[in-house]
$ cat final-v3.cif   # mmCIF, C-alpha atoms
data_protein
#
loop_
_atom_site.label_atom_id
_atom_site.label_comp_id
_atom_site.auth_asym_id
_atom_site.auth_seq_id
_atom_site.Cartn_x
_atom_site.Cartn_y
_atom_site.Cartn_z
CA MET A 1 34.40 -38.24 6.61
CA LYS A 2 32.13 -38.43 3.55
CA LYS A 3 29.82 -40.78 5.41
CA LYS A 4 29.43 -38.35 8.36
CA PHE A 5 28.78 -35.48 5.98
CA PHE A 6 26.16 -37.51 4.10
CA ILE A 7 24.41 -38.55 7.34
CA THR A 8 24.41 -34.94 8.61
CA LEU A 9 23.01 -33.73 5.31
CA LEU A 10 20.30 -36.42 5.41
CA ILE A 11 19.31 -35.44 8.99
CA VAL A 12 19.12 -31.73 8.06
CA PHE A 13 17.05 -32.51 4.95
CA THR A 14 14.66 -34.74 6.93
CA PHE A 15 14.26 -32.05 9.62
CA CYS A 16 13.54 -29.37 7.02
CA ALA A 17 11.02 -31.58 5.21
CA CYS A 18 9.22 -32.40 8.47
CA THR A 19 9.20 -28.76 9.53
CA PHE A 20 7.75 -27.74 6.17
CA ASN A 21 5.04 -30.42 6.40
CA ILE A 22 4.10 -29.38 9.93
CA PHE A 23 3.60 -25.76 8.87
CA ALA A 24 1.92 -26.71 5.59
CA ALA A 25 -0.46 -29.05 7.46
CA GLN A 26 -1.96 -26.14 9.39
CA GLY A 27 -4.27 -25.49 6.41
CA TYR A 28 -5.23 -21.85 7.12
CA ASP A 29 -5.29 -18.93 4.71
CA PHE A 30 -6.48 -15.29 4.77
CA LYS A 31 -8.04 -13.38 1.87
CA LEU A 32 -8.84 -9.66 1.62
CA GLU A 33 -11.49 -8.86 -1.01
CA TYR A 34 -12.68 -5.47 -2.24
CA GLU A 35 -13.67 -3.92 -5.55
CA GLY A 36 -12.27 -0.91 -7.36
CA ASN A 37 -9.63 1.52 -6.19
CA VAL A 38 -9.03 2.56 -2.61
CA VAL A 39 -9.19 6.35 -2.42
CA GLN A 40 -8.06 8.63 0.41
CA ASN A 41 -10.84 9.42 2.94
CA ILE A 42 -13.46 7.45 0.97
CA GLU A 43 -15.02 4.51 2.81
CA VAL A 44 -14.49 1.09 1.22
CA LYS A 45 -16.51 -2.03 1.99
CA ALA A 46 -14.48 -5.22 1.97
CA ASN A 47 -14.47 -8.80 3.23
CA VAL A 48 -11.77 -10.50 5.26
CA LYS A 49 -11.90 -14.27 4.93
CA LEU A 50 -10.27 -16.89 7.13
CA ILE A 51 -10.29 -20.14 5.16
CA GLY A 52 -9.56 -23.60 6.52
CA SER A 53 -8.71 -26.47 4.23
CA SER A 54 -8.32 -29.68 6.23
CA ALA A 55 -7.04 -27.29 8.87
CA THR A 56 -5.56 -28.45 12.15
CA PRO A 57 -8.19 -27.85 14.88
CA TYR A 58 -7.59 -25.21 17.57
CA SER A 59 -10.00 -24.41 20.39
CA ASN A 60 -8.84 -20.85 21.14
CA VAL A 61 -7.64 -18.57 18.33
CA ARG A 62 -7.98 -14.90 17.52
CA ILE A 63 -6.71 -12.67 14.73
CA LYS A 64 -4.07 -9.99 15.22
CA VAL A 65 -4.22 -7.01 12.84
CA ASP A 66 -1.17 -4.83 12.08
CA VAL A 67 -1.13 -1.96 9.59
CA LYS A 68 1.95 -0.11 8.38
CA GLY A 69 1.65 2.90 6.11
CA PRO A 70 1.67 6.69 5.87
CA GLY A 71 -1.36 7.02 8.18
CA THR A 72 -3.59 5.07 10.55
CA PRO A 73 -6.74 3.80 8.84
CA THR A 74 -9.99 2.81 10.48
CA ILE A 75 -11.26 -0.73 9.99
CA PHE A 76 -14.72 -1.35 11.43
CA ALA A 77 -16.31 -4.78 11.88
CA LYS A 78 -19.35 -6.05 13.80
CA ASP A 79 -19.18 -8.89 16.30
CA SER A 80 -21.81 -11.64 16.58
CA ASN A 81 -23.94 -9.32 18.79
CA GLY A 82 -23.98 -6.58 16.12
CA LYS A 83 -21.66 -4.28 18.10
CA GLU A 84 -19.18 -2.41 15.87
CA PHE A 85 -15.48 -2.12 16.74
CA ASP A 86 -12.47 -0.41 15.16
CA ILE A 87 -10.14 -3.38 14.72
CA ILE A 88 -7.08 -1.12 14.40
CA LYS A 89 -7.70 0.37 17.86
CA LEU A 90 -8.24 -3.09 19.35
CA GLY A 91 -5.31 -4.67 17.49
CA TYR A 92 -7.15 -8.01 17.46
CA TRP A 93 -10.34 -9.54 16.14
CA GLY A 94 -12.20 -12.14 18.16
CA PRO A 95 -12.89 -12.56 21.87
CA ALA A 96 -9.95 -12.37 24.30
CA GLY A 97 -10.37 -16.07 25.12
CA GLY A 98 -10.41 -16.99 21.44
CA PHE A 99 -12.78 -19.04 19.27
CA PRO A 100 -12.54 -22.58 17.83
CA VAL A 101 -11.46 -23.35 14.25
CA GLY A 102 -10.51 -26.43 12.28
CA GLY A 103 -11.37 -28.59 9.30
CA ASN A 104 -12.88 -27.13 6.14
CA PHE A 105 -14.55 -23.75 6.54
CA THR A 106 -14.72 -20.14 5.36
CA ASN A 107 -15.35 -17.39 7.92
CA THR A 108 -16.20 -14.09 6.23
CA THR A 109 -16.07 -10.82 8.18
CA PRO A 110 -17.50 -7.78 6.37
CA ILE A 111 -15.51 -4.61 7.13
CA ARG A 112 -15.71 -0.88 6.43
CA THR A 113 -12.40 0.90 6.09
CA LYS A 114 -11.12 4.40 5.41
CA PHE A 115 -7.50 5.43 4.78
CA PRO A 116 -6.53 9.02 5.75
CA GLU A 117 -3.35 9.37 3.69
CA VAL A 118 -2.28 8.58 0.13
CA GLY A 119 0.35 5.87 -0.27
CA LYS A 120 1.10 2.19 0.18
CA TYR A 121 -0.20 0.35 3.26
CA THR A 122 0.67 -3.18 4.39
CA ILE A 123 -2.02 -5.02 6.35
CA THR A 124 -0.79 -8.13 8.19
CA LEU A 125 -3.32 -10.63 9.56
CA SER A 126 -2.01 -13.27 11.98
CA LEU A 127 -3.97 -16.22 13.33
CA LEU A 128 -2.86 -16.68 16.95
CA ASN A 129 -3.19 -19.69 19.25
CA VAL A 130 -4.42 -18.05 22.48
CA SER A 131 -3.93 -21.33 24.41
CA ASN A 132 -0.24 -21.35 23.47
CA GLY A 133 0.83 -17.81 24.47
CA ASN A 134 -0.50 -16.23 21.25
CA ALA A 135 1.81 -18.34 19.07
CA VAL A 136 1.38 -17.51 15.37
CA ILE A 137 -0.37 -20.29 13.47
CA THR A 138 -0.29 -18.49 10.11
CA ALA A 139 0.04 -14.92 8.82
CA ASP A 140 -0.63 -13.17 5.53
CA SER A 141 0.19 -9.63 4.40
CA PHE A 142 -1.75 -7.55 1.90
CA GLU A 143 -0.62 -4.36 0.17
CA VAL A 144 -3.19 -1.63 -0.42
CA ASN A 145 -2.31 1.33 -2.62
CA VAL A 146 -4.39 4.37 -1.59
CA LEU A 147 -4.96 6.96 -4.32
CA SER A 148 -5.54 10.70 -3.91
CA ASN A 149 -9.11 11.95 -3.73
CA ASN A 150 -8.10 15.10 -5.65
CA PRO A 151 -8.79 14.73 -9.37
CA PRO A 152 -5.73 15.13 -11.56
CA MET A 153 -5.39 18.52 -13.22
CA GLU A 154 -6.20 18.58 -16.90
CA GLU A 155 -3.25 19.28 -19.10
CA PRO A 156 -3.90 22.03 -21.65
CA ASN A 157 -3.77 21.05 -25.29
CA GLU A 158 -1.61 24.06 -26.07
CA LEU A 159 0.78 25.62 -23.61
CA PRO A 160 0.15 29.28 -22.92
CA GLN A 161 2.78 31.62 -24.30
CA THR A 162 5.03 33.24 -21.78
CA GLY A 163 7.59 35.89 -22.67
CA MET A 164 8.13 37.02 -26.23
CA GLY A 165 7.53 35.20 -29.45
CA LEU A 166 9.95 34.99 -32.37
CA GLN A 167 8.28 37.86 -34.23
CA GLU A 168 8.66 40.15 -31.23
CA TYR A 169 12.36 39.25 -30.92
CA ILE A 170 12.94 40.10 -34.59
CA LEU A 171 11.04 43.40 -34.32
CA TYR A 172 12.89 44.50 -31.16
CA SER A 173 16.22 43.42 -32.65
CA LEU A 174 15.58 45.50 -35.78
CA ILE A 175 14.63 48.54 -33.66
CA ILE A 176 17.80 48.21 -31.56
CA ILE A 177 19.96 47.85 -34.70
CA ALA A 178 18.26 50.91 -36.22
CA ILE A 179 18.89 52.98 -33.06
CA ILE A 180 22.55 51.93 -33.02
CA LEU A 181 22.99 52.79 -36.73
CA ILE A 182 21.31 56.20 -36.26
CA ALA A 183 23.54 56.90 -33.25
CA ILE A 184 26.66 55.99 -35.26
CA LEU A 185 25.57 58.21 -38.16
CA MET A 186 24.90 61.15 -35.83
CA ILE A 187 28.27 60.74 -34.15
CA ARG A 188 30.02 60.73 -37.56
CA ARG A 189 28.14 63.83 -38.71
CA ASN A 190 29.04 65.65 -35.54
CA LYS A 191 32.69 64.74 -36.00
CA GLN A 192 32.64 65.92 -39.62
CA LYS A 193 31.12 69.28 -38.63
CA GLU A 194 33.84 69.90 -36.14
#
$ encode --input "final-v3.cif" --output "structure tokens"
Amino acid sequence: MKKKFFITLLIVFTFCACTFNIFAAQGYDFKLEYEGNVVQNIEVKANVKLIGSSATPYSNVRIKVDVKGPGTPTIFAKDSNGKEFDIIKLGYWGPAGGFPVGGNFTNTTPIRTKFPEVGKYTITLSLLNVSNGNAVITADSFEVNVLSNNPPMEEPNELPQTGMGLQEYILYSLIIIAIILIAILMIRRNKQKE
């Protein structure tokens, strides 16, 4: 019984190690680079990089782009002919038939992007093998926090006074007490005269 368990455990461990090495051997990575803060409705220039490090060669790949967030941003990039496309509307980057990759390389795609709503966005880039039914080779997700384009209101150094101050309360209280005392005295005098 112990021997069967040990053999099963060894087979599972070997399978997991081989599976990890197969995926790790792909050698592809995405990077999203931009400077400063991303602000609502303000265009940001950025670079999307596909990096290969001893990467497994593929003859037909393309990049799928998914964005989740409070709004739908625009992400514009130019193809090799200088024609500009909104990647979000297309959903993919690269020709429908794909393009070749492999080995050691860095492909940089300059983009222009604008986010319509404030909040947190998640951009997922997936490298797909077009020749294998768009199987995912690798994927990376990036979080972008979009700030409001309205400047924050300045807080006053001293809060404005609303209602009555302490001195007014004391003054009004004294007046009310005086009126009550005068009324009591007048009532007593009237009772004594009767």
$ resolve_selection --input "final-v3.cif" --expression "the PyMOL selection byres ((chain A and resi 65-78) around 8)" --output "ChimeraX atom specification"
/A:63-64,79-88,91-93,109-126
$ write_last_selection --input "final-v3.cif" --atoms "C-alpha atoms" --output "compact mmCIF listing (two decimals), keeping the file's coordinate frame"
# COMPACT_ATOMS: atom_id res chain seq x y z
CA ILE A 63 -6.71 -12.67 14.73
CA LYS A 64 -4.07 -9.99 15.22
CA ASP A 79 -19.18 -8.89 16.30
CA SER A 80 -21.81 -11.64 16.58
CA ASN A 81 -23.94 -9.32 18.79
CA GLY A 82 -23.98 -6.58 16.12
CA LYS A 83 -21.66 -4.28 18.10
CA GLU A 84 -19.18 -2.41 15.87
CA PHE A 85 -15.48 -2.12 16.74
CA ASP A 86 -12.47 -0.41 15.16
CA ILE A 87 -10.14 -3.38 14.72
CA ILE A 88 -7.08 -1.12 14.40
CA GLY A 91 -5.31 -4.67 17.49
CA TYR A 92 -7.15 -8.01 17.46
CA TRP A 93 -10.34 -9.54 16.14
CA THR A 109 -16.07 -10.82 8.18
CA PRO A 110 -17.50 -7.78 6.37
CA ILE A 111 -15.51 -4.61 7.13
CA ARG A 112 -15.71 -0.88 6.43
CA THR A 113 -12.40 0.90 6.09
CA LYS A 114 -11.12 4.40 5.41
CA PHE A 115 -7.50 5.43 4.78
CA PRO A 116 -6.53 9.02 5.75
CA GLU A 117 -3.35 9.37 3.69
CA VAL A 118 -2.28 8.58 0.13
CA GLY A 119 0.35 5.87 -0.27
CA LYS A 120 1.10 2.19 0.18
CA TYR A 121 -0.20 0.35 3.26
CA THR A 122 0.67 -3.18 4.39
CA ILE A 123 -2.02 -5.02 6.35
CA THR A 124 -0.79 -8.13 8.19
CA LEU A 125 -3.32 -10.63 9.56
CA SER A 126 -2.01 -13.27 11.98
$ atom_distance --input "final-v3.cif" --atom1 "CA of Ala55 in chain A" --atom2 "CA of Leu90 in chain A"
26.4 Å
$ resolve_selection --input "final-v3.cif" --expression "the PyMOL selection byres ((chain A and resi 105) around 8)" --output "list of chain:residue names"
A:Ile51, A:Gly52, A:Ser53, A:Gly102, A:Gly103, A:Asn104, A:Thr106, A:Asn107
$ closest_residue --input "final-v3.cif" --among "A:Gln26, A:Asn47, A:Asn190, A:Gln167" --to "Thr138 in chain A" --atoms "only C-alpha atoms"
A:Gln26
$ closest_residue --input "final-v3.cif" --among "A:Gly36, A:Gly133, A:Pro100, A:Gly27" --to "Val61 in chain A" --atoms "only C-alpha atoms"
A:Pro100
$ closest_residue --input "final-v3.cif" --among "A:Gln192, A:Ser148, A:Ser131, A:Ser173" --to "Arg62 in chain A" --atoms "all atoms listed in the file"
A:Ser131
$ closest_residue --input "final-v3.cif" --among "A:Ser54, A:Gly94, A:Ile182, A:Val144" --to "Glu33 in chain A" --atoms "all atoms listed in the file"
A:Val144
$ atom_distance --input "final-v3.cif" --atom1 "CA of Ala135 in chain A" --atom2 "CA of Tyr58 in chain A"
11.7 Å
$ atom_distance --input "final-v3.cif" --atom1 "CA of Thr108 in chain A" --atom2 "CA of Asn37 in chain A"
21.0 Å
$ closest_residue --input "final-v3.cif" --among "A:Ile175, A:Gly97, A:Val146, A:Glu43" --to "Asn132 in chain A" --atoms "all atoms listed in the file"
A:Gly97
$ axis_aligned_box --input "final-v3.cif" --around "range 73-92 of chain A" --padding-each-side "4 Å" --output "lines of an AutoDock Vina configuration file"
center_x = -14.6
center_y = -3.9
center_z = 14.1
size_x = 26.7
size_y = 23.4
size_z = 18.5
$ decode --input "final-v3.cif" --residues "range 76-89 of chain A" --atoms "N, CA and C atoms" --output "short mmCIF file (atom, residue, chain, number, x, y, z; two decimals), in the first residue's frame"
data_model
loop_
_atom_site.label_atom_id
_atom_site.label_comp_id
_atom_site.auth_asym_id
_atom_site.auth_seq_id
_atom_site.Cartn_x
_atom_site.Cartn_y
_atom_site.Cartn_z
N PHE A 76 -4.93 53.32 -28.96
CA PHE A 76 -4.57 53.43 -30.36
C PHE A 76 -3.12 53.01 -30.58
N ALA A 77 -2.89 52.24 -31.66
CA ALA A 77 -1.54 51.85 -32.07
C ALA A 77 -1.49 51.87 -33.59
N LYS A 78 -0.28 52.06 -34.13
CA LYS A 78 -0.10 52.06 -35.59
C LYS A 78 0.53 50.76 -36.03
N ASP A 79 0.02 50.24 -37.16
CA ASP A 79 0.62 49.02 -37.73
C ASP A 79 1.87 49.39 -38.52
N SER A 80 2.49 48.39 -39.15
CA SER A 80 3.74 48.61 -39.88
C SER A 80 3.56 49.53 -41.09
N ASN A 81 2.32 49.73 -41.55
CA ASN A 81 2.04 50.64 -42.67
C ASN A 81 1.69 52.04 -42.18
N GLY A 82 1.73 52.29 -40.88
CA GLY A 82 1.42 53.60 -40.33
C GLY A 82 -0.07 53.86 -40.14
N LYS A 83 -0.90 52.85 -40.36
CA LYS A 83 -2.34 53.00 -40.17
C LYS A 83 -2.66 52.79 -38.68
N GLU A 84 -3.48 53.72 -38.12
CA GLU A 84 -3.80 53.66 -36.69
C GLU A 84 -5.11 52.90 -36.45
N PHE A 85 -5.09 52.08 -35.40
CA PHE A 85 -6.26 51.28 -35.03
C PHE A 85 -6.54 51.42 -33.54
N ASP A 86 -7.82 51.32 -33.17
CA ASP A 86 -8.20 51.25 -31.75
C ASP A 86 -8.19 49.77 -31.38
N ILE A 87 -7.18 49.37 -30.63
CA ILE A 87 -7.00 47.95 -30.28
C ILE A 87 -8.19 47.41 -29.50
N ILE A 88 -8.82 48.25 -28.67
CA ILE A 88 -9.96 47.78 -27.88
C ILE A 88 -11.12 47.38 -28.80
N LYS A 89 -11.37 48.17 -29.85
CA LYS A 89 -12.45 47.83 -30.79
C LYS A 89 -12.12 46.55 -31.56
#
